[in-house]
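So this block is coords31.cif, mmCIF, C-alpha atoms:
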data_protein
loop_
_atom_site.label_atom_id
_atom_site.label_comp_id
_atom_site.auth_asym_id
_atom_site.auth_seq_id
_atom_site.Cartn_x
_atom_site.Cartn_y
_atom_site.Cartn_z
CA MET A 1 -13.26 -112.22 16.59
CA ARG A 2 -12.87 -113.09 20.21
CA ILE A 3 -14.73 -116.35 20.78
CA VAL A 4 -15.51 -117.63 24.27
CA VAL A 5 -16.69 -121.25 24.38
CA VAL A 6 -18.83 -121.73 27.49
CA THR A 7 -18.99 -125.34 28.55
CA GLY A 8 -19.13 -127.50 31.66
CA MET A 9 -21.43 -129.60 33.79
CA SER A 10 -25.21 -129.30 33.71
CA GLY A 11 -26.31 -127.37 36.78
CA ALA A 12 -22.95 -125.59 37.17
CA GLY A 13 -24.17 -122.20 35.89
CA LYS A 14 -23.72 -122.06 32.10
CA SER A 15 -26.97 -120.13 31.62
CA THR A 16 -25.91 -117.51 34.18
CA ALA A 17 -22.49 -117.19 32.53
CA LEU A 18 -24.04 -116.77 29.09
CA LYS A 19 -26.36 -114.02 30.34
CA ALA A 20 -23.40 -112.22 31.93
CA LEU A 21 -21.49 -112.37 28.64
CA GLU A 22 -24.53 -111.08 26.77
CA ASP A 23 -24.62 -108.12 29.18
CA LEU A 24 -20.99 -107.46 28.19
CA GLY A 25 -21.95 -107.15 24.53
CA PHE A 26 -21.11 -110.68 23.36
CA TYR A 27 -23.20 -112.22 20.60
CA CYS A 28 -24.46 -115.39 22.31
CA ALA A 29 -25.67 -118.75 21.00
CA ASP A 30 -26.58 -121.89 22.93
CA ASN A 31 -26.20 -125.62 22.21
CA LEU A 32 -24.30 -125.52 18.93
CA PRO A 33 -23.29 -128.88 17.40
CA MET A 34 -19.51 -129.09 17.32
CA PRO A 35 -19.25 -130.00 13.59
CA LEU A 36 -21.14 -126.78 12.70
CA LEU A 37 -19.05 -124.47 14.88
CA LYS A 38 -16.55 -123.48 12.20
CA GLN A 39 -19.26 -122.71 9.65
CA PHE A 40 -21.23 -120.74 12.23
CA VAL A 41 -18.18 -118.59 13.03
CA GLU A 42 -17.63 -118.00 9.30
CA LEU A 43 -21.24 -116.84 9.01
CA LEU A 44 -20.86 -114.49 11.98
CA GLY A 45 -17.77 -113.04 10.34
CA GLN A 46 -20.06 -111.46 7.75
CA ILE A 47 -21.71 -109.31 10.42
CA LYS A 48 -20.13 -105.87 10.43
CA ASN A 49 -18.32 -104.82 13.64
CA LEU A 50 -19.05 -108.11 15.44
CA ALA A 51 -16.00 -108.64 17.63
CA LYS A 52 -17.13 -110.78 20.58
CA VAL A 53 -18.98 -114.09 20.47
CA ALA A 54 -19.94 -116.54 23.24
CA LEU A 55 -20.99 -120.06 22.30
CA VAL A 56 -22.32 -122.76 24.64
CA VAL A 57 -21.01 -126.21 23.77
CA ASP A 58 -21.88 -128.98 26.19
CA ALA A 59 -22.53 -132.69 26.58
CA ARG A 60 -25.74 -132.52 24.56
CA ALA A 61 -23.41 -132.66 21.53
CA GLY A 62 -22.59 -136.24 22.52
CA GLU A 63 -19.78 -138.01 20.71
CA PHE A 64 -19.40 -135.04 18.33
CA LEU A 65 -17.36 -133.44 21.12
CA GLY A 66 -14.45 -135.70 20.25
CA GLY A 67 -13.40 -133.45 17.37
CA PHE A 68 -13.34 -130.17 19.27
CA GLN A 69 -9.55 -129.68 19.08
CA ALA A 70 -9.51 -129.78 15.27
CA VAL A 71 -12.48 -127.37 15.17
CA PHE A 72 -10.77 -124.91 17.53
CA GLU A 73 -7.57 -125.07 15.49
CA ALA A 74 -9.46 -124.38 12.27
CA ILE A 75 -11.13 -121.35 13.86
CA ARG A 76 -7.78 -120.03 15.09
CA SER A 77 -6.25 -120.58 11.66
CA ALA A 78 -8.95 -118.28 10.29
CA GLY A 79 -7.63 -115.47 12.50
CA HIS A 80 -9.95 -115.71 15.51
CA THR A 81 -9.12 -116.31 19.17
CA VAL A 82 -10.75 -119.13 21.12
CA GLU A 83 -11.07 -119.18 24.91
CA VAL A 84 -12.69 -121.97 26.93
CA LEU A 85 -14.70 -121.26 30.09
CA PHE A 86 -15.49 -124.54 31.89
CA LEU A 87 -17.99 -124.36 34.74
CA ASP A 88 -17.81 -127.19 37.24
CA ALA A 89 -19.03 -128.22 40.70
CA PRO A 90 -18.64 -131.33 42.88
CA ASP A 91 -21.02 -134.19 42.12
CA GLN A 92 -22.87 -133.80 45.42
CA VAL A 93 -23.53 -130.13 44.64
CA LEU A 94 -24.87 -130.95 41.17
CA LEU A 95 -27.09 -133.69 42.65
CA ARG A 96 -28.51 -131.22 45.16
CA ARG A 97 -29.16 -128.56 42.53
CA PHE A 98 -31.03 -130.99 40.27
CA SER A 99 -33.05 -132.27 43.24
CA GLU A 100 -34.00 -128.74 44.28
CA THR A 101 -35.09 -127.70 40.78
CA ARG A 102 -36.66 -131.12 39.97
CA ARG A 103 -35.04 -131.01 36.54
CA ARG A 104 -34.04 -134.10 34.61
CA HIS A 105 -30.44 -134.48 33.64
CA PRO A 106 -30.04 -134.11 29.84
CA LEU A 107 -28.03 -137.34 29.64
CA GLY A 108 -29.31 -139.45 32.52
CA GLY A 109 -33.02 -138.68 32.78
CA ASP A 110 -34.08 -139.82 36.24
CA ASP A 111 -30.71 -141.45 36.94
CA LEU A 112 -28.78 -138.36 37.99
CA ARG A 113 -25.56 -140.12 38.95
CA LYS A 114 -25.40 -141.95 35.65
CA GLY A 115 -25.96 -138.70 33.76
CA ILE A 116 -23.26 -136.84 35.69
CA ASP A 117 -20.74 -139.65 35.17
CA GLU A 118 -21.42 -139.74 31.43
CA GLU A 119 -21.22 -135.97 31.19
CA ARG A 120 -17.82 -135.90 32.90
CA ARG A 121 -16.57 -138.52 30.44
CA LEU A 122 -17.73 -136.56 27.41
CA LEU A 123 -16.41 -133.21 28.69
CA GLY A 124 -13.08 -134.43 30.02
CA GLY A 125 -11.10 -133.11 27.04
CA LEU A 126 -12.60 -129.62 27.34
CA HIS A 127 -11.98 -129.54 31.09
CA ASP A 128 -8.30 -130.36 30.52
CA TYR A 129 -7.89 -128.19 27.42
CA PRO A 130 -4.70 -126.06 27.70
CA GLY A 131 -5.53 -122.56 28.87
CA ALA A 132 -9.13 -123.37 29.81
CA ALA A 133 -10.52 -121.26 32.66
CA VAL A 134 -12.09 -123.79 35.05
CA VAL A 135 -14.44 -122.15 37.56
CA ASN A 136 -15.80 -124.17 40.48
CA THR A 137 -19.23 -122.71 41.21
CA ASP A 138 -19.70 -124.52 44.52
CA GLY A 139 -20.46 -121.81 47.07
CA LEU A 140 -21.11 -119.13 44.47
CA ASN A 141 -24.51 -117.50 44.15
CA VAL A 142 -25.81 -116.12 40.87
CA HIS A 143 -24.49 -112.62 41.55
CA GLN A 144 -21.00 -113.86 42.43
CA LEU A 145 -20.74 -116.06 39.34
CA LYS A 146 -21.90 -113.20 37.15
CA GLY A 147 -19.25 -110.99 38.77
CA ILE A 148 -16.48 -113.50 38.04
CA VAL A 149 -17.52 -113.77 34.38
CA GLN A 150 -17.68 -110.00 33.99
CA GLU A 151 -14.25 -109.59 35.61
CA ARG A 152 -12.68 -112.12 33.26
CA TYR A 153 -14.31 -111.12 30.00
CA GLY A 154 -15.12 -107.44 30.49
CA LYS A 155 -11.48 -106.44 30.05
CA ARG A 156 -9.93 -105.71 26.70
CA GLU A 157 -8.41 -108.73 25.00
CA GLY A 158 -4.79 -109.35 25.95
CA ALA A 159 -4.84 -107.19 29.10
CA LEU A 160 -4.28 -108.62 32.58
CA GLY A 161 -7.60 -108.56 34.41
CA ILE A 162 -6.86 -107.60 38.02
CA THR A 163 -9.53 -107.99 40.69
CA LEU A 164 -9.27 -106.97 44.33
CA LEU A 165 -11.80 -109.05 46.25
CA SER A 166 -12.83 -108.75 49.91
CA PHE A 167 -14.32 -111.76 51.69
CA GLY A 168 -15.05 -113.27 55.10
CA PHE A 169 -13.24 -116.41 56.19
CA LYS A 170 -16.33 -117.62 58.04
CA LEU A 171 -18.06 -118.00 54.66
CA GLY A 172 -15.13 -119.79 53.03
CA LEU A 173 -12.26 -118.97 50.74
CA PRO A 174 -13.23 -117.59 47.30
CA PRO A 175 -12.45 -120.38 44.80
CA GLU A 176 -11.29 -117.90 42.14
CA ALA A 177 -8.55 -116.38 44.34
CA ASP A 178 -4.96 -116.47 43.05
CA VAL A 179 -3.41 -114.58 46.00
CA VAL A 180 -4.91 -114.44 49.51
CA PHE A 181 -4.09 -112.00 52.31
CA ASP A 182 -5.46 -112.48 55.85
CA VAL A 183 -6.09 -109.19 57.70
CA ARG A 184 -7.77 -110.64 60.79
CA PHE A 185 -4.80 -109.34 62.83
CA LEU A 186 -6.08 -105.77 62.46
CA PRO A 187 -8.37 -104.12 65.09
CA ASN A 188 -11.95 -105.17 64.40
CA PRO A 189 -14.61 -102.42 64.02
CA TYR A 190 -17.28 -105.05 64.70
CA PHE A 191 -16.61 -104.65 68.43
CA GLU A 192 -17.10 -100.87 68.30
CA PRO A 193 -20.79 -100.19 69.06
CA THR A 194 -20.97 -97.25 66.63
CA LEU A 195 -19.38 -99.23 63.78
CA THR A 196 -20.83 -102.75 64.12
CA SER A 197 -23.67 -102.25 61.67
CA ARG A 198 -21.61 -100.24 59.18
CA THR A 199 -19.26 -101.44 56.44
CA GLY A 200 -15.78 -100.76 55.14
CA LEU A 201 -17.29 -98.65 52.36
CA GLU A 202 -18.01 -95.94 54.96
CA THR A 203 -15.47 -93.32 56.00
CA ALA A 204 -15.84 -93.93 59.73
CA VAL A 205 -14.95 -97.62 59.37
CA GLN A 206 -12.10 -96.90 56.98
CA ASP A 207 -10.65 -94.33 59.38
CA PHE A 208 -10.78 -96.87 62.21
CA VAL A 209 -9.14 -99.66 60.19
CA LEU A 210 -6.58 -97.62 58.26
CA GLY A 211 -5.63 -95.57 61.30
CA SER A 212 -3.94 -98.60 62.83
CA PRO A 213 -0.11 -98.61 62.52
CA ASP A 214 -0.32 -102.30 61.57
CA ALA A 215 -2.70 -101.43 58.72
CA GLU A 216 -0.31 -98.83 57.34
CA ALA A 217 2.61 -101.28 57.58
CA PHE A 218 0.62 -104.04 55.89
CA LEU A 219 -0.56 -101.77 53.08
CA GLY A 220 2.99 -100.65 52.37
CA LEU A 221 4.27 -104.23 52.18
CA ALA A 222 1.31 -105.48 50.12
CA GLU A 223 1.56 -102.58 47.69
CA ARG A 224 5.29 -103.19 47.17
CA MET A 225 4.74 -106.89 46.60
CA LEU A 226 1.92 -106.35 44.10
CA ARG A 227 3.81 -103.65 42.20
CA PHE A 228 6.64 -106.17 41.91
CA THR A 229 4.56 -109.22 40.92
CA ILE A 230 1.86 -107.75 38.65
CA PRO A 231 4.23 -106.83 35.77
CA ARG A 232 5.78 -110.28 36.03
CA TYR A 233 2.36 -111.96 35.84
CA GLU A 234 1.74 -109.89 32.71
CA ARG A 235 5.11 -110.89 31.26
CA GLU A 236 4.28 -114.57 31.77
CA GLY A 237 1.01 -114.13 29.87
CA LYS A 238 -1.38 -114.56 32.81
CA ALA A 239 -4.85 -113.41 31.78
CA TYR A 240 -6.52 -112.93 35.18
CA LEU A 241 -5.29 -112.15 38.68
CA THR A 242 -7.66 -112.19 41.65
CA ILE A 243 -6.18 -110.82 44.88
CA ALA A 244 -8.42 -111.73 47.81
CA ILE A 245 -8.29 -109.90 51.16
CA GLY A 246 -10.04 -111.71 54.01
CA CYS A 247 -11.22 -110.82 57.50
CA THR A 248 -13.69 -112.65 59.73
CA GLY A 249 -17.02 -111.53 58.26
CA GLY A 250 -15.94 -109.74 55.08
CA ARG A 251 -17.69 -106.49 55.96
CA HIS A 252 -15.21 -104.19 57.73
CA ARG A 253 -11.44 -104.74 57.65
CA SER A 254 -11.12 -106.57 54.32
CA VAL A 255 -13.42 -104.08 52.58
CA SER A 256 -11.44 -101.11 53.91
CA ILE A 257 -8.11 -102.62 52.87
CA VAL A 258 -9.37 -103.51 49.38
CA GLU A 259 -10.65 -99.97 48.84
CA GLU A 260 -7.31 -98.48 49.91
CA LEU A 261 -5.23 -100.90 47.83
CA ALA A 262 -7.41 -100.15 44.82
CA ARG A 263 -6.79 -96.44 45.34
CA ARG A 264 -3.03 -96.97 45.56
CA LEU A 265 -2.74 -99.34 42.60
CA GLY A 266 -5.41 -97.78 40.41
CA ALA A 267 -3.16 -95.01 39.17
CA VAL A 268 -1.01 -97.56 37.34
CA HIS A 269 -3.24 -100.60 36.78
CA SER A 270 -6.85 -101.14 35.75
CA ILE A 271 -8.46 -102.62 38.87
CA THR A 272 -11.86 -104.23 39.39
CA VAL A 273 -13.13 -104.14 42.99
CA ARG A 274 -15.59 -106.68 44.34
CA HIS A 275 -16.84 -107.16 47.88
CA ARG A 276 -18.13 -110.73 47.96
CA ASP A 277 -19.90 -110.67 51.31
CA LEU A 278 -21.55 -107.31 50.80
CA GLU A 279 -23.27 -108.51 47.61
CA PRO A 280 -26.98 -109.42 47.39
CA GLY A 281 -27.55 -113.00 48.43
CA SER A 282 -24.20 -113.34 50.22
#
Write-out of the structure in structure tokens:
Amino acid sequence: MRIVVVTGMSGAGKSTALKALEDLGFYCADNLPMPLLKQFVELLGQIKNLAKVALVVDARAGEFLGGFQAVFEAIRSAGHTVEVLFLDAPDQVLLRRFSETRRRHPLGGDDLRKGIDEERRLLGGLHDYPGAAVVNTDGLNVHQLKGIVQERYGKREGALGITLLSFGFKLGLPPEADVVFDVRFLPNPYFEPTLTSRTGLETAVQDFVLGSPDAEAFLGLAERMLRFTIPRYEREGKAYLTIAIGCTGGRHRSVSIVEELARRLGAVHSITVRHRDLEPGS
């Protein structure tokens, strides 16, 4: 079985991640005590055709977390794979989220700072676990976090998950980006009265952006670089590659370039396309 252990800080988005994994067909369970994890996996192994499992393990397990490495090794020895997804956010972001929702921290009660400090201590080993995917959810809305989870875990096991992501610099760099291209040097459709309110998903905007000689030159260079690097990322065992293309607002130039790069690379590679600043809530 493929087992994804979802963990991380309270308020960082574990519930959203678990729902996204459930939508991908994972069998999901929340708040499992670490000492029972191996037995639980053995029990799930009796279910016919169950291949994907997502388990939330967090600081509510307390000092039991100290034995997680031995538990993971025992599960791997039984023939399963174990992946760790650690969701994190800066302390000030977690404090704000708890204040907005008026929830009590599971470890600190009314003393939020004490609870966050204790949680970081207990989860330190999982955060630093070799191969763990650490996702900083600061600046991500629910839809964006769900998209990241689906990109990472919707692919077949062992394949390189490649995402082409458009974004606007004015709203910040995407924290999940591995490679970033800046296309703000291209002519901007925003200043064309007939194109301002449209997006790079529309033919008129794409024709304007891609018709520039600089756009054609950039696409040729970017395509050559990615065709060179992607097989080498695969050879090194990289699981996920997010290639982010940014313009000012993330609605015209970056979207058009992402769509064209996806068309050019899609014949050889399996590509996921996401337009961050066209999504609901962005």
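Distances to Thr16 (chain A) were evaluated for A:Arg274, A:Arg235, A:Lys146, A:His252 using all atoms listed in the file, and the minimum falls at A:Lys146.
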Restricting to only C-alpha atoms, whichever of A:Leu43, A:Ala59, A:Tyr240, A:Ser270 is closest to His105 (chain A) is A:Ala59
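Closest approach to Pro106 (chain A) among A:Thr81, A:Gln144, A:Ser15, A:Ser10 is made by A:Ser10 (distances from only C-alpha atoms).
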Please report the interatomic distance between CA of Ile75 (chain A) and CA of Lys38 (chain A) in Å with one decimal. 6.1 Å
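Across the model, the gap from CA of Asp182 (chain A) to CA of Glu151 (chain A) is 22.3 Å.
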Could you check which of A:Met225, A:Gly250, A:Gly220, A:Asn136 is closest to Arg184 (chain A), using all atoms listed in the file? A:Gly250
Give me the residues within 8 Å of Glu223 (chain A) as an MDAnalysis selection string, counting only C-alpha atoms and dropping any in the same chain fewer than 3 places off. chainID A and resid 219:220 226:227 261 264:265
Suppose we keep C-alpha atoms; can you now write the selection as a short mmCIF file (atom, residue, chain, number, x, y, z; two decimals), in the coordinates of the input?
data_model
loop_
_atom_site.label_atom_id
_atom_site.label_comp_id
_atom_site.auth_asym_id
_atom_site.auth_seq_id
_atom_site.Cartn_x
_atom_site.Cartn_y
_atom_site.Cartn_z
CA LEU A 219 -0.56 -101.77 53.08
CA GLY A 220 2.99 -100.65 52.37
CA LEU A 226 1.92 -106.35 44.10
CA ARG A 227 3.81 -103.65 42.20
CA LEU A 261 -5.23 -100.90 47.83
CA ARG A 264 -3.03 -96.97 45.56
CA LEU A 265 -2.74 -99.34 42.60
#
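For the set A:Thr248, A:Thr7, A:Gln92, A:Gln69, the residue with the smallest atom-to-atom gap to Ala133 (chain A) is A:Thr7, counting only C-alpha atoms.
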Would you translate the PyMOL selection byres ((chain A and resi 165) around 9) into the concrete set of residues it matches in this file, as a PyMOL selection string? chain A and resi 163-164+166-167+174+177+242-246+254-255+258+272-276
Apply the PyMOL selection byres ((chain A and resi 212) around 12) to the file shown and report the selected residues as a list in words. Val183, Phe185, Leu186, Pro187, Asn188, Pro189, Val205, Gln206, Asp207, Phe208, Val209, Leu210, Gly211, Pro213, Asp214, Ala215, Glu216, Ala217, Phe218, Leu219, Arg253, Ser256 and Ile257 of chain A
Got time to write the residues from that selection, C-alpha atoms, as an mmCIF file, in the coordinates of the input?
data_model
loop_
_atom_site.group_PDB
_atom_site.id
_atom_site.type_symbol
_atom_site.label_atom_id
_atom_site.label_comp_id
_atom_site.auth_asym_id
_atom_site.auth_seq_id
_atom_site.Cartn_x
_atom_site.Cartn_y
_atom_site.Cartn_z
ATOM 1 C CA VAL A 183 -6.090 -109.190 57.700
ATOM 2 C CA PHE A 185 -4.800 -109.340 62.830
ATOM 3 C CA LEU A 186 -6.080 -105.770 62.460
ATOM 4 C CA PRO A 187 -8.370 -104.120 65.090
ATOM 5 C CA ASN A 188 -11.950 -105.170 64.400
ATOM 6 C CA PRO A 189 -14.610 -102.420 64.020
ATOM 7 C CA VAL A 205 -14.950 -97.620 59.370
ATOM 8 C CA GLN A 206 -12.100 -96.900 56.980
ATOM 9 C CA ASP A 207 -10.650 -94.330 59.380
ATOM 10 C CA PHE A 208 -10.780 -96.870 62.210
ATOM 11 C CA VAL A 209 -9.140 -99.660 60.190
ATOM 12 C CA LEU A 210 -6.580 -97.620 58.260
ATOM 13 C CA GLY A 211 -5.630 -95.570 61.300
ATOM 14 C CA PRO A 213 -0.110 -98.610 62.520
ATOM 15 C CA ASP A 214 -0.320 -102.300 61.570
ATOM 16 C CA ALA A 215 -2.700 -101.430 58.720
ATOM 17 C CA GLU A 216 -0.310 -98.830 57.340
ATOM 18 C CA ALA A 217 2.610 -101.280 57.580
ATOM 19 C CA PHE A 218 0.620 -104.040 55.890
ATOM 20 C CA LEU A 219 -0.560 -101.770 53.080
ATOM 21 C CA ARG A 253 -11.440 -104.740 57.650
ATOM 22 C CA SER A 256 -11.440 -101.110 53.910
ATOM 23 C CA ILE A 257 -8.110 -102.620 52.870
#
Find the axis-aligned box for region 225-239 of chain A, covering all its listed atoms and adding 5 Å on each side, and write its centre and edge lengths in Å to one decimal as AutoDock Vina command-line options.
--center_x 0.9 --center_y -109.1 --center_z 38.2 --size_x 21.5 --size_y 20.9 --size_z 26.7
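The residues returned by the PyMOL selection byres ((chain A and resi 89) around 7) on the shown structure are Ala12, Asp88, Pro90, Asp91, Val93, Leu94, Asn136, Thr137 and Asp138 of chain A.
For the pair CA of Arg121 (chain A) and CA of Asp58 (chain A), the interatomic distance is 11.7 Å.
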